[in-house]
Amino acid sequence: MPLSRRFKKPSVLLVLPIYNEAHEAGRVCKEVRPFLAKHRDCRAIFVDDGSHDGTVEAFRRGLRGLKRAAVMGLHANGGKGKAVRLAFAGAKEDYLIFLDGDLAYSLSHLRPMISALKSSDMVIGSRSMVAQAEGSLPKRRAFLGW
């Protein structure tokens with residue numbers, strides 16, 4: 001490992017794919033703002049996958065003034081995988097993470113994920129594993145998730 005990287009503070013790129021989520025923009029931006037203010041090693045990119053409901057504009061308004069947050073708008077719907085790949089392309093950060101743009105997972109999960117990434121190549125979070133352990137996941141949802 002190069003000497004300069006060994007002493008550099010780890011940096012995180014958080015990619016949040018969004019599609020027709022204008023109605024969630026206010027709530028999501030309200031959660032992202034304090035998170036980025038507290039975690040200066042993080043940068044967030046919201047990737048709109050060709051929405052038709054003003055999602056790009058709503059998120060740009062909600063994130064206005066944040067230097068470590070951006071909204072990337074794709075012209076056509078290509079799927080979540082394509083949106084994530086495009087946002088990760090050329091990333092310089094040490095850790096690349098993506099979460100659903102509606103924040104179905106709390107941002108509080110990021111620090112444990114980053115800690116796990118220090119000793120693993122990949123970390124995968126699953127809401128269904130918690131629900132299964134608690135016995136609260138409906139059988140139909142467990143089957144469809146499988």
# chains A, B, ... in the order shown; residues from 1 in each chain; ligands from 1
>>> select_by_dssp(residues="range 2-136 of chain A", states="helix (DSSP H, G or I)", output="ChimeraX atom specification")
/A:3-6,22-38,55-63,80-88,107-117,127-134
>>> closest_atom_pairs(of="range 15-96 of chain A", to="range 115-123 of chain A", cutoff="12 Å", atoms="only C-alpha atoms", output="JSON lines")
{"residue": "A:Asp94", "atom": "CA", "partner": "A:Leu117", "partner_atom": "CA", "distance": 9.9}
{"residue": "A:Tyr95", "atom": "CA", "partner": "A:Leu117", "partner_atom": "CA", "distance": 7.7}
{"residue": "A:Leu96", "atom": "CA", "partner": "A:Met122", "partner_atom": "CA", "distance": 9.6}
>>> write_last_selection(atoms="all heavy atoms", output="tab-separated table (two decimals), in the first residue's frame")
chain	number	residue	atom	x	y	z
A	94	ASP	N	-12.28	5.32	-0.96
A	94	ASP	CA	-11.81	4.02	-0.51
A	94	ASP	C	-12.94	3.00	-0.41
A	94	ASP	O	-12.72	1.81	-0.63
A	94	ASP	CB	-11.15	4.15	0.87
A	94	ASP	CG	-9.92	5.04	0.84
A	94	ASP	OD1	-9.12	4.90	-0.10
A	94	ASP	OD2	-9.78	5.88	1.74
A	95	TYR	N	-14.13	3.46	-0.04
A	95	TYR	CA	-15.27	2.56	0.16
A	95	TYR	C	-16.43	3.02	-0.71
A	95	TYR	O	-16.77	4.21	-0.74
A	95	TYR	CB	-15.71	2.54	1.63
A	95	TYR	CG	-14.61	2.09	2.55
A	95	TYR	CD1	-13.98	3.00	3.39
A	95	TYR	CD2	-14.19	0.77	2.57
A	95	TYR	CE1	-12.95	2.60	4.23
A	95	TYR	CE2	-13.16	0.36	3.41
A	95	TYR	CZ	-12.55	1.27	4.23
A	95	TYR	OH	-11.54	0.87	5.05
A	96	LEU	N	-17.03	2.08	-1.43
A	96	LEU	CA	-18.17	2.35	-2.29
A	96	LEU	C	-19.38	1.62	-1.72
A	96	LEU	O	-19.35	0.40	-1.55
A	96	LEU	CB	-17.89	1.87	-3.72
A	96	LEU	CG	-16.60	2.36	-4.36
A	96	LEU	CD1	-16.44	1.77	-5.75
A	96	LEU	CD2	-16.55	3.87	-4.41
>>> select_by_dssp(residues="range 68-141 of chain A", states="strand (DSSP E)", output="number ranges by chain")
A: 69-74, 95-98
>>> residues_around(residues="Asp49 in chain A", least_positions_apart="2", cutoff="9 Å", atoms="only C-alpha atoms", output="ChimeraX atom specification")
/A:17-20,47,51,72-80,82-83
>>> residues_around(residues="Leu13 in chain A", least_positions_apart="6", cutoff="7 Å", atoms="only C-alpha atoms", output="list of chain:residue names")
A:Cys42, A:Arg43, A:Ala44, A:Glu93, A:Tyr95, A:Leu96, A:Ile97
>>> closest_residue(among="A:Arg33, A:Lys92, A:Lys67, A:Arg60", to="Phe46 in chain A", atoms="only C-alpha atoms")
A:Arg60
>>> closest_residue(among="A:Arg68, A:Glu21, A:Ile114, A:Leu14", to="Asp53 in chain A", atoms="only C-alpha atoms")
A:Glu21
>>> residues_around(residues="Tyr105 in chain A", least_positions_apart="5", cutoff="12 Å", atoms="only C-alpha atoms", output="PyMOL selection string")
chain A and resi 16+28+31+98-100+110+113+124-128
>>> atom_distance(atom1="CA of Ala25 in chain A", atom2="CA of Asp48 in chain A")
11.6 Å
>>> closest_residue(among="A:Gly50, A:Asp102, A:Val71, A:His39", to="Gly26 in chain A", atoms="only C-alpha atoms")
A:Asp102
>>> closest_residue(among="A:Ala37, A:Ala22, A:Ala69, A:Val84", to="Gly54 in chain A", atoms="only C-alpha atoms")
A:Ala22
